[in-house]
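K.L.:
What follows is target_17.cif; its format and atoms are mmCIF, C-alpha atoms.
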```cif
data_data
#
loop_
_atom_site.label_atom_id
_atom_site.label_comp_id
_atom_site.auth_asym_id
_atom_site.auth_seq_id
_atom_site.Cartn_x
_atom_site.Cartn_y
_atom_site.Cartn_z
CA MET H 7 0.00 0.00 0.00
CA VAL H 8 2.74 2.46 0.97
CA ALA H 9 5.12 1.54 -1.84
CA GLY H 10 2.34 1.37 -4.41
CA ALA H 11 1.00 4.81 -3.52
CA GLY H 12 4.54 6.20 -3.54
CA ILE H 13 5.21 4.82 -7.01
CA GLN H 14 1.90 6.19 -8.28
CA LYS H 15 2.73 9.62 -6.93
CA PHE H 16 6.44 9.87 -7.76
CA GLY H 17 6.86 7.41 -10.63
CA PRO H 18 10.48 7.03 -11.75
CA LYS H 19 11.57 9.73 -9.26
CA ILE H 20 10.74 7.40 -6.34
CA GLU H 21 14.46 6.81 -5.79
CA GLU H 22 14.79 10.44 -4.70
CA HIS H 23 12.47 9.73 -1.75
CA GLN H 24 14.77 7.61 0.38
CA GLN H 25 12.72 7.87 3.58
CA LEU H 26 9.69 6.41 1.81
CA LEU H 27 11.81 3.57 0.42
CA ILE H 28 13.24 2.89 3.88
CA SER H 29 9.72 2.65 5.31
CA ALA H 30 8.68 0.24 2.56
CA ALA H 31 11.82 -1.86 3.09
CA ASP H 32 11.21 -2.03 6.86
CA ILE H 33 7.66 -3.23 6.23
CA LEU H 34 8.80 -5.93 3.80
CA ILE H 35 11.56 -7.12 6.12
CA GLU H 36 9.15 -7.56 9.02
CA ILE H 37 6.58 -9.35 6.87
CA TYR H 38 9.23 -11.72 5.54
CA MET H 39 10.66 -12.47 8.99
CA ALA H 40 7.25 -12.98 10.61
CA GLU H 41 6.10 -15.26 7.81
CA SER H 42 9.35 -17.23 7.97
CA ALA H 43 9.03 -17.69 11.73
CA ILE H 44 5.43 -18.85 11.45
CA LEU H 45 6.12 -21.24 8.56
CA ARG H 46 9.17 -22.72 10.30
CA THR H 47 7.19 -23.23 13.49
CA GLU H 48 4.35 -24.83 11.55
CA LYS H 49 6.78 -27.16 9.77
CA ASN H 50 8.36 -28.21 13.08
CA MET H 51 4.94 -28.78 14.63
CA HIS H 52 4.03 -31.19 11.82
CA ARG H 53 7.39 -32.96 12.15
CA PHE H 54 7.74 -33.24 15.92
CA GLY H 55 4.29 -32.42 17.34
CA ALA H 56 2.95 -29.25 18.90
CA GLU H 57 3.85 -30.26 22.46
CA SER H 58 7.57 -30.40 21.73
CA GLN H 59 7.50 -27.06 19.91
CA ILE H 60 5.75 -24.96 22.56
CA HIS H 61 8.71 -22.59 22.97
CA GLN H 62 9.03 -22.20 19.20
CA ILE H 63 5.33 -21.32 19.08
CA GLU H 64 5.80 -18.79 21.88
CA MET H 65 8.73 -17.14 20.11
CA SER H 66 6.71 -16.90 16.88
CA GLN H 67 3.77 -15.36 18.72
CA LEU H 68 6.03 -12.83 20.40
CA TYR H 69 7.77 -11.96 17.14
CA LEU H 70 4.47 -11.50 15.31
CA TYR H 71 3.17 -9.27 18.11
CA ASN H 72 6.24 -7.01 17.82
CA ALA H 73 6.31 -7.13 14.01
CA VAL H 74 2.77 -5.76 13.74
CA ASP H 75 3.80 -2.68 15.72
CA ILE H 76 6.93 -2.15 13.61
CA ILE H 77 4.96 -2.54 10.38
CA THR H 78 2.27 -0.12 11.56
CA LYS H 79 4.83 2.50 12.61
CA SER H 80 6.83 2.21 9.39
CA ALA H 81 3.70 2.41 7.25
CA LYS H 82 2.43 5.42 9.17
CA ASN H 83 5.80 7.16 8.76
CA GLY H 84 5.72 6.47 5.05
CA ILE H 85 2.13 7.62 4.58
CA VAL H 86 2.47 10.90 6.45
CA SER H 87 5.69 11.71 4.62
CA PHE H 88 4.11 12.05 1.19
CA VAL H 89 0.31 12.22 1.48
CA GLU H 90 -1.89 14.94 2.96
CA GLY H 91 -5.54 15.69 3.58
CA ASP H 92 -8.32 13.25 2.78
CA GLU H 93 -6.01 10.87 0.96
CA GLN H 94 -3.83 10.62 4.05
CA ARG H 95 -6.86 10.00 6.25
CA MET H 96 -8.09 7.25 3.92
CA MET H 97 -4.68 5.58 3.76
CA LEU H 98 -4.34 5.66 7.54
CA MET H 99 -7.79 4.07 7.84
CA GLY H 100 -6.69 1.38 5.38
CA LEU H 101 -3.54 0.84 7.39
CA LYS H 102 -5.59 0.37 10.53
CA ARG H 103 -7.78 -2.17 8.73
CA PHE H 104 -4.87 -4.13 7.23
CA THR H 105 -2.87 -4.26 10.47
CA LYS H 106 -5.74 -5.20 12.73
CA TYR H 107 -4.46 -7.62 15.33
CA THR H 108 -7.09 -9.23 17.54
CA HIS H 109 -5.48 -12.25 19.21
CA TYR H 110 -3.15 -10.51 21.61
CA PRO H 111 -0.86 -12.89 23.47
CA ASN H 112 0.22 -12.57 27.06
CA VAL H 113 3.52 -10.88 26.22
CA ALA H 114 4.94 -11.01 29.75
CA GLY H 115 4.06 -14.70 29.98
CA LEU H 116 5.69 -15.47 26.64
CA ARG H 117 8.87 -13.62 27.57
CA SER H 118 9.04 -15.36 30.95
CA SER H 119 8.53 -18.79 29.44
CA ILE H 120 11.21 -18.23 26.79
CA ALA H 121 13.64 -16.81 29.37
CA ASP H 122 12.99 -19.77 31.69
CA LYS H 123 13.84 -22.19 28.88
CA VAL H 124 17.08 -20.36 28.09
CA ASN H 125 18.02 -20.18 31.78
CA LYS H 126 17.24 -23.86 32.29
CA GLU H 127 19.41 -24.89 29.32
CA ASN H 128 22.08 -22.31 30.26
CA ALA H 129 22.68 -21.75 26.56
CA TYR H 130 20.91 -20.58 23.45
CA CYS H 131 18.81 -23.67 22.81
CA PHE H 132 16.80 -22.69 19.75
#
```
When written as structure tokens, how does the structure in this file appear?
P.N.:
Amino acid sequence: MVAGAGIQKFGPKIEEHQQLLISAADILIEIYMAESAILRTEKNMHRFGAESQIHQIEMSQLYLYNAVDIITKSAKNGIVSFVEGDEQRMMLMGLKRFTKYTHYPNVAGLRSSIADKVNKENAYCF
């Protein structure tokens, strides 16, 4: 959404708008990493069973929770940097719709569980 609107507005001169490109890159990086974490966890669950992958699941949930915030912030930075008025309002509403996150995990619980596993193993065990 951010990159597409930027290309529509600036066309071939998009490369002169480095901040917009940085925002788009940050969004794509987070999407790629979150998807990779989820797919890897899903693959391991099918291989070894969900019970043995509980910490992997927790790490994926925590990463996705943080990635949504990073994506939202980067998209908002990109939108407000080149769009104004009603178009900006509409894009921000679209952003809110596309980044809606409803299944919030217990972040403190996830962090504690992951930290307990690392402390118990006394090494990086993932």
K.L.:
Which residues are near Phe104 of chain H? Cut-off 12 Å, only C-alpha atoms, ignore same chain within fewer than 6 positions. Put them as a compact mmCIF listing (two decimals) with C-alpha atoms, in the frame of the given file.
P.N.:
```
# COMPACT_ATOMS: atom_id res chain seq x y z
CA MET H 7 0.00 0.00 0.00
CA VAL H 8 2.74 2.46 0.97
CA VAL H 74 2.77 -5.76 13.74
CA ILE H 77 4.96 -2.54 10.38
CA THR H 78 2.27 -0.12 11.56
CA ALA H 81 3.70 2.41 7.25
CA MET H 97 -4.68 5.58 3.76
CA LEU H 98 -4.34 5.66 7.54
```
K.L.:
What does the distance from atom CA of His109 of chain H to atom CA of Tyr130 of chain H come to in Å, to one decimal?
P.N.:
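Value for the atom CA of His109 of chain H-atom CA of Tyr130 of chain H distance: 28.0 Å.
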K.L.:
Residues at most 12 Å from segment 56-71 of chain H, counting all atoms listed in the file, excluding those fewer than 3 positions away in the same chain, as a PyMOL selection string?
P.N.:
chain H and resi 36-53+74-78+105-124+131-132
K.L.:
Between atom CA of Ala73 of chain H and atom CA of Asn128 of chain H, measure the distance and give it in Å to one decimal.
P.N.:
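Atom CA of Ala73 of chain H sits 27.3 Å away from atom CA of Asn128 of chain H.
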K.L.:
Atom CA of Ser80 of chain H and atom CA of Asp32 of chain H, how far apart in Å?
P.N.:
6.6 Å
K.L.:
Using all atoms listed in the file, which of the listed residues (H:Val89, H:Glu127, H:Ala30, H:Gln25) sits closest to Gly10 of chain H?
P.N.:
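That would be H:Ala30, the residue with the smallest distance to Gly10 of chain H.
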K.L.:
Taking the file as shown, what set of residues would the PyMOL selection byres ((chain H and resi 9) around 10) give back, as a ChimeraX atom specification?
P.N.:
/H:7-8,10-15,20,26-27,29-31,33,81,84-85
K.L.:
Edge lengths and centre in Å to one decimal, as lines of an AutoDock Vina configuration file, of the axis-aligned box that encloses all listed atoms of segment 98-109 of chain H with 4 Å added on every side?
P.N.:
```
center_x = -5.3
center_y = -3.3
center_z = 12.3
size_x = 12.9
size_y = 25.9
size_z = 21.8
```
K.L.:
Which is closest to Lys79 of chain H among H:Glu21, H:Met96, H:Gly91, H:Lys102, if we use all atoms listed in the file?
P.N.:
H:Lys102
